[in-house]
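Everything below belongs to target-v2.txt, which stores compact mmCIF, C-alpha atoms.
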```txt
# COMPACT_ATOMS: atom_id res chain seq x y z
CA MET A 1 14.71 -14.42 -2.33
CA ARG A 2 15.26 -10.72 -1.84
CA SER A 3 16.15 -9.39 1.57
CA SER A 4 12.75 -7.66 1.97
CA ALA A 5 10.97 -10.98 1.51
CA ALA A 6 13.30 -12.58 4.07
CA TRP A 7 12.60 -9.83 6.63
CA ARG A 8 8.83 -10.23 6.13
CA MET A 9 9.11 -14.00 6.51
CA LEU A 10 11.17 -13.62 9.68
CA ALA A 11 8.65 -11.13 11.07
CA ARG A 12 5.79 -13.57 10.37
CA LEU A 13 7.64 -16.38 12.14
CA TYR A 14 8.28 -14.21 15.20
CA ALA A 15 4.65 -13.02 15.21
CA ASP A 16 3.36 -16.60 14.97
CA LYS A 17 5.44 -17.43 18.06
CA GLY A 18 4.01 -14.40 19.87
CA GLN A 19 7.37 -12.61 19.82
CA PHE A 20 5.85 -9.35 18.65
CA ASP A 21 8.73 -7.07 19.63
CA ARG A 22 11.14 -9.16 17.58
CA ALA A 23 8.64 -9.23 14.70
CA LEU A 24 8.40 -5.44 14.71
CA GLU A 25 12.19 -5.21 14.90
CA ALA A 26 12.48 -7.40 11.79
CA LEU A 27 9.94 -5.21 9.97
CA GLY A 28 12.07 -2.19 10.85
CA ASN A 29 14.54 -3.41 8.22
CA LEU A 30 12.02 -2.86 5.42
CA PRO A 31 11.57 0.38 3.49
CA SER A 32 8.81 2.46 5.07
CA CYS A 33 6.68 2.15 1.92
CA ASN A 34 6.70 -1.66 1.73
CA GLN A 35 2.95 -2.36 1.53
CA GLU A 36 3.09 -5.97 2.65
CA GLY A 37 5.29 -4.95 5.57
CA LEU A 38 2.85 -2.21 6.55
CA GLY A 39 -0.04 -4.68 6.52
CA LEU A 40 1.95 -7.13 8.62
CA ARG A 41 2.91 -4.37 11.07
CA ALA A 42 -0.77 -3.40 11.46
CA ASP A 43 -1.66 -7.06 12.07
CA ILE A 44 1.03 -7.35 14.75
CA LEU A 45 -0.09 -4.13 16.45
CA ARG A 46 -3.68 -5.45 16.46
CA ARG A 47 -2.55 -8.78 17.93
CA MET A 48 -0.60 -6.87 20.60
CA GLY A 49 -3.79 -5.02 21.50
CA ASP A 50 -2.64 -1.67 20.09
CA LEU A 51 -5.83 -1.10 18.12
CA ASN A 52 -5.28 2.65 17.86
CA GLY A 53 -1.79 2.14 16.44
CA ALA A 54 -3.08 -0.44 13.95
CA ALA A 55 -5.93 1.86 12.90
CA ARG A 56 -3.58 4.84 12.41
CA LEU A 57 -1.23 2.77 10.29
CA GLU A 58 -4.09 1.35 8.20
CA GLU A 59 -5.63 4.78 7.70
CA THR A 60 -2.30 6.24 6.56
CA THR A 61 -1.69 3.28 4.24
CA LEU A 62 -5.19 3.51 2.75
CA SER A 63 -4.78 7.24 2.14
CA ALA A 64 -1.46 6.70 0.33
CA GLN A 65 -2.90 3.88 -1.77
CA LEU A 66 -5.96 5.93 -2.72
CA ALA A 67 -3.78 8.88 -3.71
CA ALA A 68 -1.59 6.63 -5.85
CA LEU A 69 -4.65 5.06 -7.50
CA ASP A 70 -6.16 8.48 -8.21
CA HIS A 71 -2.88 9.62 -9.76
CA THR A 72 -2.61 6.47 -11.88
CA LEU A 73 -6.21 6.68 -13.14
CA THR A 74 -5.80 10.35 -14.04
CA SER A 75 -2.47 9.77 -15.78
CA PHE A 76 -3.79 6.74 -17.66
CA ALA A 77 -6.81 8.76 -18.78
CA ALA A 78 -4.51 11.48 -20.13
CA THR A 79 -2.50 8.86 -22.03
CA ARG A 80 -5.63 7.30 -23.52
CA ARG A 81 -6.92 10.75 -24.50
CA ALA A 82 -3.57 11.50 -26.19
CA GLN A 83 -3.92 8.18 -28.05
CA GLY A 84 -7.29 9.34 -29.36
CA LEU A 85 -9.23 6.88 -27.16
CA ARG A 86 -11.70 9.43 -25.82
CA GLU A 87 -14.30 6.95 -24.52
CA GLU A 88 -11.73 4.97 -22.58
CA ALA A 89 -10.25 8.20 -21.20
CA GLU A 90 -13.70 9.30 -20.02
CA ARG A 91 -14.27 5.89 -18.39
CA LEU A 92 -11.00 6.21 -16.47
CA GLU A 93 -11.84 9.78 -15.43
CA GLN A 94 -15.25 8.57 -14.25
CA GLN A 95 -13.54 5.88 -12.14
CA ALA A 96 -11.31 8.54 -10.57
CA ARG A 97 -14.39 10.65 -9.74
CA ARG A 98 -16.15 7.61 -8.27
CA LEU A 99 -13.11 6.85 -6.13
CA LYS A 100 -13.27 10.39 -4.75
CA GLU A 101 -17.01 10.03 -4.09
CA LEU A 102 -16.47 6.77 -2.20
CA PHE A 103 -13.48 7.81 -0.10
CA GLY A 104 -13.20 11.57 -0.37
CA ALA A 105 -10.48 13.34 -2.26
CA PRO A 106 -7.23 11.46 -1.74
CA ALA A 107 -4.19 13.33 -0.54
CA ALA A 108 -1.45 13.98 -3.05
CA PRO A 109 0.83 10.97 -3.37
CA ALA A 110 3.79 11.24 -1.04
CA GLY A 111 5.92 9.34 -3.48
CA CYS A 112 7.85 6.22 -2.74
CA CYS A 113 11.24 5.86 -1.21
CA CYS A 114 14.03 4.75 -3.56
CA GLU A 115 14.75 1.63 -1.51
CA CYS A 116 11.65 -0.25 -2.62
CA GLU A 117 11.69 0.45 -6.34
CA GLY A 118 11.18 -2.73 -8.25
CA GLU A 119 9.87 -4.73 -5.29
CA ALA A 120 6.24 -4.78 -6.42
CA SER A 121 6.72 -8.08 -8.20
CA GLU A 122 8.16 -9.91 -5.19
```
Turn the structure described in the file into structure tokens.
Amino acid sequence: MRSSAAWRMLARLYADKGQFDRALEALGNLPSCNQEGLGLRADILRRMGDLNGAARLEETTLSAQLAALDHTLTSFAATRRAQGLREEAERLEQQARRLKELFGAPAAPAGCCCECEGEASE
């Protein structure tokens, strides 16, 4: 088990016992871009009654995820177009436009910190 998974597990255990400060302290050991950790932090803030803090964190996380998805769709479309797969490229571009229609234009991706590279498969 990687250390990030251990910190998330410890944070969950503390949160389940109602020891929210200790849970947040454990989450402080995760890279700031750890998505599961961000979701857990928002859940803890909500359980502590800090609804504004939870909402701010969720809004920031959603914005970053939308920006990353927009970037990925656009990049994938360019790759498919370069491969000569015009119809698939257009479908991907249409999905990117639909995403923008649903949520507004996402902010440019902030990029990820180096600490979490390779953790997506945990």
Handout entry: For CA of Leu10 in chain A and CA of Leu27 in chain A, the interatomic separation in Å (one decimal)
Key =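 Taking CA of Leu10 in chain A as the start and CA of Leu27 in chain A as the end point, the length is 8.5 Å.
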Exercise for the section: Can you work out which one of A:Glu90, A:Leu99, A:Ala77, A:Glu25 has the shortest atom-to-atom distance to Gln65 in chain A, counting all atoms listed in the file? Expected result: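 Smallest separation from Gln65 in chain A among the options: A:Leu99.
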Close residues, Phe76 in chain A itself excluded, 9 Å, all atoms listed in the file, min 4 positions apart in chain, as a tab-separated table (two decimals) with C-alpha atoms, in the frame of the given file:
```tsv
chain	number	residue	atom	x	y	z
A	71	HIS	CA	-2.88	9.62	-9.76
A	72	THR	CA	-2.61	6.47	-11.88
A	80	ARG	CA	-5.63	7.30	-23.52
A	81	ARG	CA	-6.92	10.75	-24.50
A	89	ALA	CA	-10.25	8.20	-21.20
A	92	LEU	CA	-11.00	6.21	-16.47
A	93	GLU	CA	-11.84	9.78	-15.43
```
Exercise for the section: Enter the distance from CA of Cys33 in chain A to CA of Met48 in chain A, in Å, rounded to one decimal. Expected result: 22.0 Å
Handout entry: Of the listed residues A:Asn29, A:Gln19, A:Arg12, A:Leu66, that which approaches Phe103 in chain A most closely, counting only C-alpha atoms
Key =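 Result for the nearest residue to Phe103 in chain A: A:Leu66.
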Exercise for the section: May I ask for the distance between CA of Thr61 in chain A and CA of Gln35 in chain A, given in Å to one decimal place? Expected result: 7.8 Å
Practice task
Show which residues sit within 10 Å of Lys100 in chain A, as a count of residues only. Count all atoms listed in the file, and ignore same-chain residues fewer than 6 positions away.
Solution key: 5
Exercise for the section: With a distance cut-off of 12 Å and only C-alpha atoms, select the neighbouring residues of Gly28 in chain A, excluding the residue or stretch itself and same-chain residues fewer than 5 positions from it, and output the selection as a list in words. Expected result: Ser4, Trp7, Arg8, Leu10, Ala11, Asp21, Arg22, Ala23, Cys33, Asn34, Gly37, Leu38, Leu40 and Arg41 of chain A
Problem - Counting only C-alpha atoms, the option among A:Leu30, A:Ile44, A:Met9, A:Leu73 closest to Arg97 in chain A - result: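 Nearest to Arg97 in chain A: A:Leu73.
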Exercise for the section: Would you kindly return, as an MDAnalysis selection string, each protein, DNA or RNA residue with an atom no farther than 9 Å from any atom of Leu57 in chain A, considering only C-alpha atoms and excluding same-chain residues fewer than 2 positions away? Expected result: chainID A and resid 38:39 41:42 52:55 59:62
Around all the atoms of range 53-66 of chain A listed in the file, draw an axis-aligned box and extend it by 5 Å on each of the six sides; I want its centre and edge lengths in Å to one decimal, as lines of an AutoDock Vina configuration file.
```
center_x = -3.6
center_y = 3.4
center_z = 6.9
size_x = 14.7
size_y = 17.7
size_z = 29.2
```
Problem - Nearest residue to Lys17 in chain A from the set A:Leu69, A:Gly84, A:Leu102, A:Arg47 (distances using all atoms listed in the file) - result: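 Going through A:Leu69, A:Gly84, A:Leu102, A:Arg47 one by one, the smallest distance to Lys17 in chain A is for A:Arg47.
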Practice task
Select, from A:Ala96, A:Ala78, A:Ala26, A:Ala64, the residue with the minimum atom-to-atom distance to Ser3 in chain A, counting all atoms listed in the file.
Solution key: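 Checking each of A:Ala96, A:Ala78, A:Ala26, A:Ala64 against Ser3 in chain A, counting all atoms listed in the file, the winner is A:Ala26.
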